[in-house]
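*Asks:* Handing you a structure now.
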Amino acid sequence: MKTTIVFSMLLLTAASAASGAAVPPPDAQIAAAILAAPADLRAGAAVLGYNPQGELATLREGKNELICLASDPSKTAFSVACYHKDLEPYMARGRQLSTQKLTGQQRNEIRWKEVADGKLSLPREPRTLYVLTGTGFDADTGKVADAYLRWVIYVPFATPESTGLSTKPSDSAPWLMYPGTAGAHIMINPPKK
């Protein structure tokens, strides 16, 4: 029995090492995740991050309308996001579909159909998503290397006619992505430095 436990622990350690995914401590994940949020909303935001097994878990309960998502330790790039709690069913479904290897347009089409069929909740009023990316995060200084913050405002079923926005991607002006769909959103990408 003791040999089995030790062997199981060795397999778990080897699997973790093979994936190259060291899961940061919860405090470091929280500190990084909330950087995507506006400063006045950070302290009250709920935070989803990763447990030692690399599974998504609640690291901190929220006291306001934001949910922040820690950077996935299995990925090499740093990317955190915060979004309005009303978007959680839509975001959670996206994460679930990603685990089934359904990504990109295929994942979008499934969620949009589920919204249309009333199987997936998505608010009709605008809701915001903040995305902060970079090449890394220093937990000691609380700084993101090569930080880039962009904003996404979900406006389901919005069109160029209903918003007055172009659908042409731009790094200098807001634009409407996926017009007329449940996933319609306004992209705000500031110019990169």
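Following the order of the structure tokens, first chain is A, next is B, and so on, with residues numbered from 1 inside each chain and ligands from 1 in the order they appear.
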Env of stretch 45-48 of chain A: 6 Å cut, atoms = only C-alpha atoms, seq-sep filter 2 positions within chain, self excluded. Answer as a count of residues only.

*Replies:* 13

*Asks:* Find the residue from A:Glu114, A:Ser172, A:Arg93, A:His84 that sits nearest to A:Val152; use only C-alpha atoms when measuring.

*Replies:*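 That would be A:His84, the residue with the smallest distance to A:Val152.
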
*Asks:* When DSSP works through the backbone of this structure, what residues of stretch 13-141 of chain A end up as alpha helix (DSSP H), shown as a PyMOL selection string?

*Replies:* chain A and resi 13-19+26-33+88-99+104-116

*Asks:* Find the residues near A:Val144: any atom within 12 Å, counting only C-alpha atoms, skip ones fewer than 6 places away on the same chain, and give them as a ChimeraX atom specification.

*Replies:* /A:31-36,71,77-80,132-138

*Asks:* Measuring between only C-alpha atoms, which one of A:Ile30, A:Gln100, A:Tyr148, A:Pro38 shows the shortest distance to A:Tyr50?

*Replies:*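 Closest residue, counting only C-alpha atoms: A:Ile30.
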
*Asks:* Could you work out how far atom CA of A:Asp146 lies from atom CA of A:Arg107, giving the answer in Å with one decimal?

*Replies:*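 Distance between the two atoms: 29.1 Å.
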
*Asks:* Kindly give the distance, in Å, that separates atom CA of A:Ala70 and atom CA of A:Val131, rounded to a single decimal.

*Replies:*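 Distance reported for this atom pair: 10.8 Å.
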
*Asks:* DSSP on the backbone, strand (DSSP E) only: what residues of stretch 43-187 of chain A does that give? Format it as a PDB file with C-alpha atoms, in the first residue's frame.

*Replies:*
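Contents of the output file selection.pdb:
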ATOM      1  CA  ALA A  46     -14.247  37.340  -7.416  1.00  0.00           C
ATOM      2  CA  VAL A  47     -11.238  35.410  -8.725  1.00  0.00           C
ATOM      3  CA  LEU A  48     -11.159  32.096 -10.552  1.00  0.00           C
ATOM      4  CA  GLY A  49      -7.744  30.481 -10.715  1.00  0.00           C
ATOM      5  CA  TYR A  50      -6.052  27.126 -10.624  1.00  0.00           C
ATOM      6  CA  LEU A  56     -10.088  25.836 -12.363  1.00  0.00           C
ATOM      7  CA  ALA A  57     -11.313  26.758  -8.883  1.00  0.00           C
ATOM      8  CA  THR A  58     -12.670  29.763  -7.000  1.00  0.00           C
ATOM      9  CA  LEU A  59      -9.727  31.445  -5.292  1.00  0.00           C
ATOM     10  CA  ARG A  60     -11.706  34.352  -3.853  1.00  0.00           C
ATOM     11  CA  LEU A  66     -16.707  41.428 -11.522  1.00  0.00           C
ATOM     12  CA  ILE A  67     -15.201  37.984 -11.938  1.00  0.00           C
ATOM     13  CA  CYS A  68     -11.501  37.814 -12.748  1.00  0.00           C
ATOM     14  CA  LEU A  69      -9.802  34.841 -14.355  1.00  0.00           C
ATOM     15  CA  PHE A  78       0.326  35.671 -19.681  1.00  0.00           C
ATOM     16  CA  SER A  79      -3.356  36.501 -20.072  1.00  0.00           C
ATOM     17  CA  VAL A  80      -5.866  37.507 -17.403  1.00  0.00           C
ATOM     18  CA  ALA A  81      -9.392  38.777 -17.787  1.00  0.00           C
ATOM     19  CA  CYS A  82     -12.167  40.316 -15.723  1.00  0.00           C
ATOM     20  CA  TYR A  83     -15.791  40.406 -16.790  1.00  0.00           C
ATOM     21  CA  HIS A  84     -19.237  41.229 -15.496  1.00  0.00           C
ATOM     22  CA  ARG A 127     -21.554  43.966 -20.254  1.00  0.00           C
ATOM     23  CA  THR A 128     -17.795  44.550 -20.150  1.00  0.00           C
ATOM     24  CA  LEU A 129     -14.791  42.236 -20.406  1.00  0.00           C
ATOM     25  CA  TYR A 130     -11.268  43.495 -19.644  1.00  0.00           C
ATOM     26  CA  VAL A 131      -8.308  41.526 -21.023  1.00  0.00           C
ATOM     27  CA  LEU A 132      -4.710  42.083 -19.908  1.00  0.00           C
ATOM     28  CA  THR A 133      -1.918  40.239 -21.702  1.00  0.00           C
ATOM     29  CA  GLY A 134       1.847  40.307 -21.495  1.00  0.00           C
ATOM     30  CA  GLY A 136       5.018  37.500 -17.939  1.00  0.00           C
ATOM     31  CA  PHE A 137       4.079  38.535 -14.418  1.00  0.00           C
ATOM     32  CA  ASP A 138       6.471  39.273 -11.546  1.00  0.00           C
ATOM     33  CA  LYS A 143       4.118  44.080 -12.610  1.00  0.00           C
ATOM     34  CA  VAL A 144       3.179  42.590 -15.973  1.00  0.00           C
ATOM     35  CA  ALA A 145       5.981  42.599 -18.542  1.00  0.00           C
ATOM     36  CA  TYR A 148      -1.397  45.348 -23.019  1.00  0.00           C
ATOM     37  CA  LEU A 149      -4.957  46.055 -21.839  1.00  0.00           C
ATOM     38  CA  ARG A 150      -7.939  45.920 -24.164  1.00  0.00           C
ATOM     39  CA  TRP A 151     -11.683  46.187 -23.580  1.00  0.00           C
ATOM     40  CA  VAL A 152     -14.608  44.237 -24.957  1.00  0.00           C
ATOM     41  CA  ILE A 153     -18.207  45.359 -24.480  1.00  0.00           C
ATOM     42  CA  TYR A 154     -20.715  42.610 -25.185  1.00  0.00           C
ATOM     43  CA  TRP A 175     -15.282  48.485 -33.845  1.00  0.00           C
ATOM     44  CA  LEU A 176     -18.057  45.872 -33.810  1.00  0.00           C
ATOM     45  CA  MET A 177     -17.132  42.191 -33.990  1.00  0.00           C
ATOM     46  CA  HIS A 185     -19.217  42.901 -29.031  1.00  0.00           C
ATOM     47  CA  ILE A 186     -17.450  46.213 -29.306  1.00  0.00           C
ATOM     48  CA  MET A 187     -13.673  45.848 -29.464  1.00  0.00           C
TER      49      MET A 187
END

*Asks:* When distances are computed from only C-alpha atoms, which of A:Ala28, A:Val115, A:Ala182, A:Leu87 shows the smallest separation from A:Phe157?

*Replies:*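 Under the stated criterion, the closest residue is A:Ala182.
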
*Asks:* My list of candidates is A:Leu120, A:Ile110, A:Leu41, A:Leu102. Which is closest to A:Pro89 when distances are computed with only C-alpha atoms?

*Replies:*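 Between A:Leu120, A:Ile110, A:Leu41, A:Leu102, the residue approaching A:Pro89 most closely is A:Leu120.
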
*Asks:* Pick the closest to A:Glu161 from A:Pro179, A:Pro52, A:Lys63, A:Ala39: which is it, counting only C-alpha atoms?

*Replies:* A:Pro179

*Asks:* Pick out the closest residue to A:Lys192 from this set: A:Leu97, A:Ala147, A:Val23, A:Leu122. Count only C-alpha atoms.

*Replies:*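 Among the listed residues, the smallest separation from A:Lys192 belongs to A:Ala147.
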